[in-house]
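*Asks:* Below is a structure I'd like to ask you about.
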Amino acid sequence: MLRFCLLLLTLVGLAACQKEPLTQCDAAQPLHGYYPFPVGAAISMIELGRGTAYDELARRQFNSVTPENCFKPSYLHPGPGQYYWAEADALADFSQASNQRLHGHVLIWHQQLPGWMWAFAGSPADWEALFKDHIQTVVRHFRGRVAGWDVVNEAFEADGTLRSTIWKQHLGATYLEKAFRYAHEADPEALLFYNDYDLDSNPVKRRAVLSWLRTMRQRGVPVHGLGLQMHISILNPENTQIAEALGEVQQTGLKIHLSEIDVAVNPLGKAVTPNRELLQRQADKLAFLVRTYQELPRDQQYGITFWGISDQNTWIRRYFQRDDYPLLFDDNYQPKPAYCILAR
Ligand code: 9MR
């Protein structure tokens, strides 16, 4: 009988242990304190300053800030010759008051452009003037406040060809190179990045970008870094793909920014609850990514940035119209296993 009781107790004990989250922690210490490189978050001006726990997490946990939207042309440049700085300046003030690096996102992209740019009907010279004015006005405005810029975002297609954006159509393929030269003229101190998605999982696209970057270097174009967005999931990419991708991008010698990290747990859009198993797989994927990043030479580690703070603010829910839980903090701003595994 005694033996039976002991066995039962052991089994009950084991089951109880297994119910404990594999990683559990509070967020008493700032996450960035565990790393020698900046750890950042994309900040939404819809969330900041509403008096929720978001503000404190944004201020304390991270030492780098990327504007999620408020630096994009549709926000900053609403009319020809008309700039709207209030929100972007408020974020710059916030980051300065919190001793955080400010990373500028984004100068040239084919999305989130104001209506007047889509409708603009000028000559090639007019287009070039518009392009140059936008880049230089914005970069000059933030000179000395923004440490690095995503100068061009998502210019390549999945098959490695150049995307036919509004900029390529009106300025030709050299718009890429011009964007970097104009940004550099406006702030010679700022680090200039090319930023894109799927560079981790799609070697064809990655190699096209890397080959273009080599050409830029040979031509003396001021490109200093590469942003790998890392909108990944627990299913994709495999860890081996992550290791291969970071190994290849390291060869460029450029600064590497994991610029928009989130790890979807519901990439197939099923009905899911964020159970322990899913959240642990998310934590493990993220831990592998960050460990692999830590192996890069220190001078190539520009930093890592999460694309949001709490699951309730993620772009993924809005954009894909599905339940997902891709970030470090849950809907109640509590740290998840993904946070805890990094905070040690
Ligand atoms: O997170 C951003 C979301 O709020 C915007 O609606 C969306 C518009 O396309 O852009 C999101 O951010 C994107 C970033 O600027 C560039 N890489 C992909 C990001 C997710 O779509």
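Identifiers in this document derive from the order of the structure tokens: chains are assigned A, B, ..., residues are numbered from 1 separately in each chain, and ligands are numbered from 1 in order of occurrence.
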Counting only C-alpha atoms, which residues of region 284-314 of chain A fall within 8 Å of region 235-256 of chain A, and what is the closest atom pair for each with its distance in Å at one decimal, ordered by chain and rising number, as a tab-separated table?
*Replies:*
residue	atom	partner	partner_atom	distance
A:Lys285	CA	A:Asn239	CA	7.4
A:Phe288	CA	A:Asn239	CA	7.0
A:Leu289	CA	A:Ile242	CA	6.9
A:Thr292	CA	A:Ala243	CA	6.5
A:Tyr293	CA	A:Leu246	CA	7.2
A:Leu296	CA	A:Gln250	CA	6.9
A:Asp299	CA	A:Lys255	CA	7.1
A:Gln300	CA	A:Lys255	CA	4.1
A:Gln301	CA	A:Ile256	CA	5.7
A:Tyr302	CA	A:Lys255	CA	5.6
A:Gly303	CA	A:Ile256	CA	7.3
*Asks:* Since we have the selection now, will you write its residues out, keeping all heavy atoms, as a tab-separated table (two decimals), in the first residue's frame?
*Replies:*
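Saved result, again-v2.tsv, follows:
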chain	number	residue	atom	x	y	z
A	285	LYS	N	11.89	28.63	-30.63
A	285	LYS	CA	12.27	29.17	-31.95
A	285	LYS	C	13.00	30.50	-31.80
A	285	LYS	O	14.04	30.76	-32.40
A	285	LYS	CB	10.99	29.32	-32.80
A	285	LYS	CG	11.14	29.94	-34.14
A	285	LYS	CD	11.95	29.09	-35.10
A	285	LYS	CE	11.19	27.86	-35.56
A	285	LYS	NZ	11.97	27.02	-36.48
A	288	PHE	N	16.46	30.14	-30.32
A	288	PHE	CA	17.45	29.71	-31.32
A	288	PHE	C	17.87	30.90	-32.19
A	288	PHE	O	19.05	31.10	-32.46
A	288	PHE	CB	16.87	28.58	-32.19
A	288	PHE	CG	17.89	28.10	-33.19
A	288	PHE	CD1	18.83	27.14	-32.83
A	288	PHE	CD2	17.95	28.64	-34.47
A	288	PHE	CE1	19.82	26.73	-33.73
A	288	PHE	CE2	18.93	28.24	-35.37
A	288	PHE	CZ	19.86	27.28	-35.00
A	289	LEU	N	16.90	31.67	-32.59
A	289	LEU	CA	17.20	32.84	-33.45
A	289	LEU	C	18.16	33.79	-32.74
A	289	LEU	O	19.17	34.22	-33.31
A	289	LEU	CB	15.88	33.56	-33.79
A	289	LEU	CG	16.02	34.88	-34.54
A	289	LEU	CD1	16.62	34.65	-35.92
A	289	LEU	CD2	14.65	35.57	-34.67
A	292	THR	N	21.67	32.39	-32.25
A	292	THR	CA	22.44	32.39	-33.50
A	292	THR	C	22.92	33.81	-33.80
A	292	THR	O	24.05	34.02	-34.24
A	292	THR	CB	21.57	31.84	-34.65
A	292	THR	OG1	20.96	30.64	-34.20
A	292	THR	CG2	22.40	31.54	-35.88
A	293	TYR	N	22.05	34.77	-33.55
A	293	TYR	CA	22.43	36.18	-33.76
A	293	TYR	C	23.59	36.57	-32.85
A	293	TYR	O	24.50	37.30	-33.25
A	293	TYR	CB	21.22	37.09	-33.51
A	293	TYR	CG	21.49	38.55	-33.78
A	293	TYR	CD1	21.47	39.05	-35.08
A	293	TYR	CD2	21.81	39.42	-32.74
A	293	TYR	CE1	21.74	40.40	-35.33
A	293	TYR	CE2	22.07	40.76	-32.98
A	293	TYR	CZ	22.03	41.24	-34.28
A	293	TYR	OH	22.31	42.57	-34.53
A	296	LEU	N	27.17	36.28	-34.10
A	296	LEU	CA	27.75	37.20	-35.09
A	296	LEU	C	28.83	38.03	-34.42
A	296	LEU	O	28.78	38.28	-33.22
A	296	LEU	CB	26.69	38.15	-35.64
A	296	LEU	CG	25.56	37.57	-36.48
A	296	LEU	CD1	24.59	38.68	-36.88
A	296	LEU	CD2	26.09	36.88	-37.72
A	299	ASP	N	30.67	43.75	-33.85
A	299	ASP	CA	30.50	45.00	-34.62
A	299	ASP	C	29.48	44.84	-35.76
A	299	ASP	O	29.13	45.82	-36.40
A	299	ASP	CB	31.85	45.49	-35.18
A	299	ASP	CG	32.42	44.56	-36.21
A	299	ASP	OD1	32.07	43.35	-36.19
A	299	ASP	OD2	33.22	45.01	-37.06
A	300	GLN	N	28.99	43.62	-35.98
A	300	GLN	CA	27.92	43.45	-36.97
A	300	GLN	C	26.54	43.39	-36.31
A	300	GLN	O	25.52	43.33	-36.99
A	300	GLN	CB	28.15	42.18	-37.79
A	300	GLN	CG	29.26	42.34	-38.83
A	300	GLN	CD	29.41	41.10	-39.68
A	300	GLN	OE1	30.23	40.23	-39.39
A	300	GLN	NE2	28.60	40.98	-40.72
A	301	GLN	N	26.52	43.40	-34.98
A	301	GLN	CA	25.25	43.30	-34.26
A	301	GLN	C	24.65	44.69	-34.04
A	301	GLN	O	24.87	45.31	-33.00
A	301	GLN	CB	25.45	42.60	-32.91
A	301	GLN	CG	25.83	41.14	-33.04
A	301	GLN	CD	26.32	40.57	-31.71
A	301	GLN	OE1	26.88	41.29	-30.88
A	301	GLN	NE2	26.14	39.28	-31.52
A	302	TYR	N	23.88	45.13	-35.03
A	302	TYR	CA	23.20	46.43	-34.85
A	302	TYR	C	22.11	46.31	-33.79
A	302	TYR	O	21.78	47.26	-33.10
A	302	TYR	CB	22.60	46.86	-36.19
A	302	TYR	CG	21.84	48.16	-36.16
A	302	TYR	CD1	22.52	49.38	-36.12
A	302	TYR	CD2	20.45	48.18	-36.20
A	302	TYR	CE1	21.82	50.59	-36.10
A	302	TYR	CE2	19.74	49.38	-36.19
A	302	TYR	CZ	20.44	50.58	-36.14
A	302	TYR	OH	19.74	51.77	-36.13
A	303	GLY	N	21.53	45.11	-33.69
A	303	GLY	CA	20.51	44.89	-32.66
A	303	GLY	C	19.34	44.07	-33.19
A	303	GLY	O	19.31	43.69	-34.37
*Asks:* Restrict the calculation to only C-alpha atoms and all ligand atoms, then for each residue of chain A with any atom at most 10 Å from an atom of ligand 1 give the closest atom pair and their distance in Å to one decimal, rows by chain and rising residue number, as JSON lines.
*Replies:*
{"residue": "A:Ala42", "atom": "CA", "partner": "ligand 1", "partner_atom_place_in_ligand_line": "1 (O)", "distance": 8.0}
{"residue": "A:Ile43", "atom": "CA", "partner": "ligand 1", "partner_atom_place_in_ligand_line": "1 (O)", "distance": 9.3}
{"residue": "A:Ser44", "atom": "CA", "partner": "ligand 1", "partner_atom_place_in_ligand_line": "4 (O)", "distance": 7.7}
{"residue": "A:Ile46", "atom": "CA", "partner": "ligand 1", "partner_atom_place_in_ligand_line": "4 (O)", "distance": 9.8}
{"residue": "A:Thr66", "atom": "CA", "partner": "ligand 1", "partner_atom_place_in_ligand_line": "15 (O)", "distance": 9.8}
{"residue": "A:Pro67", "atom": "CA", "partner": "ligand 1", "partner_atom_place_in_ligand_line": "15 (O)", "distance": 8.7}
{"residue": "A:Glu68", "atom": "CA", "partner": "ligand 1", "partner_atom_place_in_ligand_line": "1 (O)", "distance": 5.5}
{"residue": "A:Asn69", "atom": "CA", "partner": "ligand 1", "partner_atom_place_in_ligand_line": "2 (C)", "distance": 6.0}
{"residue": "A:Cys70", "atom": "CA", "partner": "ligand 1", "partner_atom_place_in_ligand_line": "4 (O)", "distance": 9.5}
{"residue": "A:Phe71", "atom": "CA", "partner": "ligand 1", "partner_atom_place_in_ligand_line": "15 (O)", "distance": 9.5}
{"residue": "A:Lys72", "atom": "CA", "partner": "ligand 1", "partner_atom_place_in_ligand_line": "15 (O)", "distance": 7.9}
{"residue": "A:His105", "atom": "CA", "partner": "ligand 1", "partner_atom_place_in_ligand_line": "15 (O)", "distance": 7.1}
{"residue": "A:Val106", "atom": "CA", "partner": "ligand 1", "partner_atom_place_in_ligand_line": "15 (O)", "distance": 7.1}
{"residue": "A:Trp109", "atom": "CA", "partner": "ligand 1", "partner_atom_place_in_ligand_line": "16 (C)", "distance": 8.4}
{"residue": "A:His110", "atom": "CA", "partner": "ligand 1", "partner_atom_place_in_ligand_line": "9 (O)", "distance": 9.4}
{"residue": "A:Gln111", "atom": "CA", "partner": "ligand 1", "partner_atom_place_in_ligand_line": "9 (O)", "distance": 6.0}
{"residue": "A:Gln112", "atom": "CA", "partner": "ligand 1", "partner_atom_place_in_ligand_line": "8 (C)", "distance": 6.1}
{"residue": "A:Leu113", "atom": "CA", "partner": "ligand 1", "partner_atom_place_in_ligand_line": "8 (C)", "distance": 9.9}
{"residue": "A:Asp150", "atom": "CA", "partner": "ligand 1", "partner_atom_place_in_ligand_line": "16 (C)", "distance": 9.7}
{"residue": "A:Asn153", "atom": "CA", "partner": "ligand 1", "partner_atom_place_in_ligand_line": "16 (C)", "distance": 7.0}
{"residue": "A:Glu154", "atom": "CA", "partner": "ligand 1", "partner_atom_place_in_ligand_line": "17 (N)", "distance": 7.6}
{"residue": "A:Asn195", "atom": "CA", "partner": "ligand 1", "partner_atom_place_in_ligand_line": "17 (N)", "distance": 8.2}
{"residue": "A:Asp196", "atom": "CA", "partner": "ligand 1", "partner_atom_place_in_ligand_line": "17 (N)", "distance": 7.1}
{"residue": "A:Tyr197", "atom": "CA", "partner": "ligand 1", "partner_atom_place_in_ligand_line": "17 (N)", "distance": 7.0}
{"residue": "A:Leu228", "atom": "CA", "partner": "ligand 1", "partner_atom_place_in_ligand_line": "17 (N)", "distance": 9.8}
{"residue": "A:Gln229", "atom": "CA", "partner": "ligand 1", "partner_atom_place_in_ligand_line": "17 (N)", "distance": 6.8}
{"residue": "A:Met230", "atom": "CA", "partner": "ligand 1", "partner_atom_place_in_ligand_line": "17 (N)", "distance": 9.4}
{"residue": "A:His231", "atom": "CA", "partner": "ligand 1", "partner_atom_place_in_ligand_line": "18 (C)", "distance": 7.9}
{"residue": "A:Ser259", "atom": "CA", "partner": "ligand 1", "partner_atom_place_in_ligand_line": "17 (N)", "distance": 8.9}
{"residue": "A:Glu260", "atom": "CA", "partner": "ligand 1", "partner_atom_place_in_ligand_line": "17 (N)", "distance": 7.0}
{"residue": "A:Ile261", "atom": "CA", "partner": "ligand 1", "partner_atom_place_in_ligand_line": "19 (C)", "distance": 9.8}
{"residue": "A:Asp262", "atom": "CA", "partner": "ligand 1", "partner_atom_place_in_ligand_line": "20 (C)", "distance": 9.8}
{"residue": "A:Trp307", "atom": "CA", "partner": "ligand 1", "partner_atom_place_in_ligand_line": "1 (O)", "distance": 6.9}
{"residue": "A:Gly308", "atom": "CA", "partner": "ligand 1", "partner_atom_place_in_ligand_line": "1 (O)", "distance": 7.8}
{"residue": "A:Asn313", "atom": "CA", "partner": "ligand 1", "partner_atom_place_in_ligand_line": "4 (O)", "distance": 8.8}
{"residue": "A:Thr314", "atom": "CA", "partner": "ligand 1", "partner_atom_place_in_ligand_line": "1 (O)", "distance": 7.2}
{"residue": "A:Trp315", "atom": "CA", "partner": "ligand 1", "partner_atom_place_in_ligand_line": "1 (O)", "distance": 4.8}
{"residue": "A:Ile316", "atom": "CA", "partner": "ligand 1", "partner_atom_place_in_ligand_line": "20 (C)", "distance": 7.5}
{"residue": "A:Arg318", "atom": "CA", "partner": "ligand 1", "partner_atom_place_in_ligand_line": "6 (O)", "distance": 8.0}
{"residue": "A:Tyr319", "atom": "CA", "partner": "ligand 1", "partner_atom_place_in_ligand_line": "6 (O)", "distance": 7.2}
{"residue": "A:Phe320", "atom": "CA", "partner": "ligand 1", "partner_atom_place_in_ligand_line": "21 (O)", "distance": 9.9}
*Asks:* Find the spatial neighbours of Ala92 (chain A), counting only C-alpha atoms, within a cut-off of 9 Å - ignore same-chain residues fewer than 6 positions away - and output them as a PyMOL selection string.
*Replies:* chain A and resi 65+102+142+145-146
*Asks:* Those residues you just picked out, can you put them in a file as an mmCIF file, in the first residue's frame with all heavy atoms?
*Replies:*
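Below you can see part.cif, which holds the result:
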data_model
loop_
_atom_site.group_PDB
_atom_site.id
_atom_site.type_symbol
_atom_site.label_atom_id
_atom_site.label_comp_id
_atom_site.auth_asym_id
_atom_site.auth_seq_id
_atom_site.Cartn_x
_atom_site.Cartn_y
_atom_site.Cartn_z
ATOM 1 N N VAL A 65 14.109 51.887 -30.402
ATOM 2 C CA VAL A 65 12.714 52.106 -30.788
ATOM 3 C C VAL A 65 12.642 52.281 -32.296
ATOM 4 O O VAL A 65 13.445 53.001 -32.890
ATOM 5 C CB VAL A 65 12.205 53.387 -30.075
ATOM 6 C CG1 VAL A 65 11.074 54.027 -30.822
ATOM 7 C CG2 VAL A 65 11.783 53.077 -28.644
ATOM 8 N N LEU A 102 16.937 55.557 -31.605
ATOM 9 C CA LEU A 102 15.791 55.659 -32.515
ATOM 10 C C LEU A 102 16.217 55.164 -33.905
ATOM 11 O O LEU A 102 17.210 55.641 -34.466
ATOM 12 C CB LEU A 102 15.345 57.123 -32.576
ATOM 13 C CG LEU A 102 14.125 57.463 -33.422
ATOM 14 C CD1 LEU A 102 12.889 56.674 -32.976
ATOM 15 C CD2 LEU A 102 13.815 58.968 -33.335
ATOM 16 N N PHE A 142 15.502 64.728 -38.802
ATOM 17 C CA PHE A 142 15.855 63.870 -37.661
ATOM 18 C C PHE A 142 17.359 63.730 -37.469
ATOM 19 O O PHE A 142 17.806 62.891 -36.678
ATOM 20 C CB PHE A 142 15.213 62.488 -37.822
ATOM 21 C CG PHE A 142 13.718 62.522 -37.716
ATOM 22 C CD1 PHE A 142 12.929 62.400 -38.852
ATOM 23 C CD2 PHE A 142 13.104 62.711 -36.491
ATOM 24 C CE1 PHE A 142 11.553 62.453 -38.757
ATOM 25 C CE2 PHE A 142 11.729 62.764 -36.390
ATOM 26 C CZ PHE A 142 10.948 62.634 -37.525
ATOM 27 N N ARG A 145 19.252 62.643 -34.317
ATOM 28 C CA ARG A 145 18.305 61.955 -33.422
ATOM 29 C C ARG A 145 18.086 60.510 -33.858
ATOM 30 O O ARG A 145 17.856 59.633 -33.037
ATOM 31 C CB ARG A 145 16.957 62.700 -33.394
ATOM 32 C CG ARG A 145 17.081 64.090 -32.777
ATOM 33 C CD ARG A 145 15.724 64.694 -32.507
ATOM 34 N NE ARG A 145 15.057 65.136 -33.722
ATOM 35 C CZ ARG A 145 13.783 65.509 -33.789
ATOM 36 N NH1 ARG A 145 13.032 65.461 -32.703
ATOM 37 N NH2 ARG A 145 13.249 65.932 -34.924
ATOM 38 N N VAL A 146 18.128 60.292 -35.184
ATOM 39 C CA VAL A 146 17.949 58.931 -35.698
ATOM 40 C C VAL A 146 19.333 58.324 -35.961
ATOM 41 O O VAL A 146 20.152 58.914 -36.664
ATOM 42 C CB VAL A 146 17.096 58.957 -36.991
ATOM 43 C CG1 VAL A 146 17.264 57.674 -37.782
ATOM 44 C CG2 VAL A 146 15.627 59.174 -36.646
#
*Asks:* At what distance in Å, to one decimal, does CA of Leu258 (chain A) lie from CA of Ala158 (chain A)?
*Replies:* 19.0 Å
*Asks:* Find the residues near Trp149 (chain A): any atom within 6 Å, counting only C-alpha atoms, skip ones fewer than 3 places away on the same chain, and give them as number ranges by chain.
*Replies:* A: 103-104, 192-193
*Asks:* Just to be explicit: take each residue in the selection above, keep N, CA and C atoms, and write the result as a compact mmCIF listing (two decimals), in the first residue's frame.
*Replies:*
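So the final result, stored in selection.txt, reads:
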# COMPACT_ATOMS: atom_id res chain seq x y z
N HIS A 103 15.48 54.18 -34.40
CA HIS A 103 15.77 53.65 -35.73
C HIS A 103 14.68 54.12 -36.68
N GLY A 104 15.05 54.78 -37.75
CA GLY A 104 14.07 55.36 -38.67
C GLY A 104 13.53 54.35 -39.67
N LEU A 192 22.90 53.38 -42.75
CA LEU A 192 21.84 53.20 -43.75
C LEU A 192 21.63 51.72 -44.07
N PHE A 193 20.36 51.31 -43.98
CA PHE A 193 20.01 49.89 -44.11
C PHE A 193 19.11 49.62 -45.31
*Asks:* Got a sec: who's within 9 Å of Asn266 (chain A), counting only C-alpha atoms, leaving out chain neighbours fewer than 5 positions off, as a PyMOL selection string?
*Replies:* chain A and resi 233-234+271-272+274+278+322-326
*Asks:* Next, write the just-selected residues to a file, as a compact mmCIF listing (two decimals), in the first residue's frame, keeping C-alpha atoms as the atom set.
*Replies:*
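Generated file (selection_5.txt):
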# COMPACT_ATOMS: atom_id res chain seq x y z
CA SER A 233 6.42 31.28 -37.27
CA ILE A 234 6.84 28.15 -35.20
CA ALA A 271 -8.81 28.12 -34.28
CA VAL A 272 -6.13 27.99 -31.60
CA PRO A 274 -2.23 29.88 -26.95
CA LEU A 278 2.55 26.36 -28.61
CA ARG A 322 -6.74 35.50 -37.60
CA ASP A 323 -6.02 34.74 -33.98
CA ASP A 324 -2.34 34.82 -33.27
CA TYR A 325 0.01 35.43 -30.38
CA PRO A 326 3.34 36.35 -31.92
*Asks:* Write out as an NGL selection string all residues of region 101-318 of chain A that DSSP puts in strand (DSSP E) for this structure's backbone.
*Replies:* :A and (101-108 or 146-153 or 191-196 or 225-228 or 231-233 or 255-264 or 301-306)
*Asks:* Could you work out how far CA of Thr165 (chain A) lies from CA of Gly122 (chain A), giving the answer in Å with one decimal?
*Replies:*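 Here the two named atoms are 16.2 Å from each other.
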*Asks:* Would you mind writing down, as a list in words, each residue of region 178-236 of chain A that DSSP on the backbone assigns to helix (DSSP H, G or I)?
*Replies:*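 The residues of region 178-236 of chain A classed as helix (DSSP H, G or I) are Lys178, Ala179, Phe180, Arg181, Tyr182, Ala183, His184, Glu185, Ala186, Pro203, Val204, Lys205, Arg206, Arg207, Ala208, Val209, Leu210, Ser211, Trp212, Leu213, Arg214, Thr215, Met216, Arg217 and Gln218 of chain A.
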*Asks:* Could you write those residues out with C-alpha atoms, as a PDB file, in the first residue's frame?
*Replies:*
ATOM      1  CA  LYS A 178      20.102  57.058 -55.416  1.00  0.00           C
ATOM      2  CA  ALA A 179      18.078  56.637 -52.237  1.00  0.00           C
ATOM      3  CA  PHE A 180      21.201  55.688 -50.285  1.00  0.00           C
ATOM      4  CA  ARG A 181      23.300  58.505 -51.763  1.00  0.00           C
ATOM      5  CA  TYR A 182      20.623  61.122 -51.021  1.00  0.00           C
ATOM      6  CA  ALA A 183      20.129  59.879 -47.463  1.00  0.00           C
ATOM      7  CA  HIS A 184      23.869  59.921 -46.853  1.00  0.00           C
ATOM      8  CA  GLU A 185      24.159  63.498 -48.140  1.00  0.00           C
ATOM      9  CA  ALA A 186      21.442  64.559 -45.693  1.00  0.00           C
ATOM     10  CA  PRO A 203      17.708  31.617 -50.438  1.00  0.00           C
ATOM     11  CA  VAL A 204      16.940  32.814 -53.987  1.00  0.00           C
ATOM     12  CA  LYS A 205      15.727  36.179 -52.736  1.00  0.00           C
ATOM     13  CA  ARG A 206      18.513  36.389 -50.136  1.00  0.00           C
ATOM     14  CA  ARG A 207      21.245  35.724 -52.682  1.00  0.00           C
ATOM     15  CA  ALA A 208      19.812  38.320 -55.064  1.00  0.00           C
ATOM     16  CA  VAL A 209      19.871  40.893 -52.253  1.00  0.00           C
ATOM     17  CA  LEU A 210      23.393  39.893 -51.208  1.00  0.00           C
ATOM     18  CA  SER A 211      24.659  40.107 -54.758  1.00  0.00           C
ATOM     19  CA  TRP A 212      23.066  43.556 -55.165  1.00  0.00           C
ATOM     20  CA  LEU A 213      24.690  44.642 -51.864  1.00  0.00           C
ATOM     21  CA  ARG A 214      28.111  43.512 -53.142  1.00  0.00           C
ATOM     22  CA  THR A 215      27.610  45.613 -56.269  1.00  0.00           C
ATOM     23  CA  MET A 216      26.630  48.599 -54.146  1.00  0.00           C
ATOM     24  CA  ARG A 217      29.791  48.249 -52.074  1.00  0.00           C
ATOM     25  CA  GLN A 218      31.962  47.985 -55.192  1.00  0.00           C
TER      26      GLN A 218
END
*Asks:* List as a PyMOL selection string the protein and nucleic acid residues near Tyr333 (chain A), meaning an atom at most 10 Å away when only C-alpha atoms are counted, but skip any in the same chain fewer than 5 places from it.
*Replies:* chain A and resi 52-54+57+309-312+328
*Asks:* Can I get the selection written as a short mmCIF file (atom, residue, chain, number, x, y, z; two decimals), in the first residue's frame, with N, CA, C and O atoms?
*Replies:*
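What ended up in result26.cif:
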data_model
loop_
_atom_site.label_atom_id
_atom_site.label_comp_id
_atom_site.auth_asym_id
_atom_site.auth_seq_id
_atom_site.Cartn_x
_atom_site.Cartn_y
_atom_site.Cartn_z
N THR A 52 -1.87 52.74 -20.46
CA THR A 52 -1.87 51.30 -20.17
C THR A 52 -0.45 50.87 -19.81
O THR A 52 0.49 51.67 -19.86
N ALA A 53 -0.31 49.56 -19.53
CA ALA A 53 1.02 49.02 -19.18
C ALA A 53 1.98 49.09 -20.37
O ALA A 53 3.19 48.92 -20.21
N TYR A 54 1.43 49.34 -21.54
CA TYR A 54 2.25 49.46 -22.75
C TYR A 54 3.37 50.49 -22.55
O TYR A 54 4.53 50.25 -22.91
N LEU A 57 6.28 49.27 -20.41
CA LEU A 57 7.05 48.23 -21.10
C LEU A 57 7.90 48.86 -22.20
O LEU A 57 9.07 48.54 -22.36
N ILE A 309 4.77 44.96 -28.99
CA ILE A 309 5.08 44.59 -27.60
C ILE A 309 4.12 43.51 -27.11
O ILE A 309 4.54 42.44 -26.70
N SER A 310 2.82 43.81 -27.17
CA SER A 310 1.84 42.85 -26.66
C SER A 310 1.05 42.24 -27.82
O SER A 310 0.80 42.90 -28.83
N ASP A 311 0.65 40.97 -27.62
CA ASP A 311 -0.14 40.28 -28.65
C ASP A 311 -1.37 41.09 -29.08
O ASP A 311 -1.82 40.99 -30.21
N GLN A 312 -1.88 41.89 -28.15
CA GLN A 312 -3.10 42.64 -28.52
C GLN A 312 -2.80 43.73 -29.55
O GLN A 312 -3.72 44.24 -30.17
N LEU A 328 6.14 39.10 -27.31
CA LEU A 328 6.75 38.72 -26.02
C LEU A 328 5.80 38.83 -24.84
O LEU A 328 5.99 38.17 -23.82
#
*Asks:* Take CA of Gln334 (chain A) and CA of Pro30 (chain A) and report the distance between them in Å, one decimal.
*Replies:* 13.6 Å
*Asks:* Looking at only C-alpha atoms, which of A:Gly79, A:Gly225, A:Gly51, A:Pro188 is the one that sits closest to Arg143 (chain A)?
*Replies:*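 Closest to Arg143 (chain A) of all the choices is A:Pro188.
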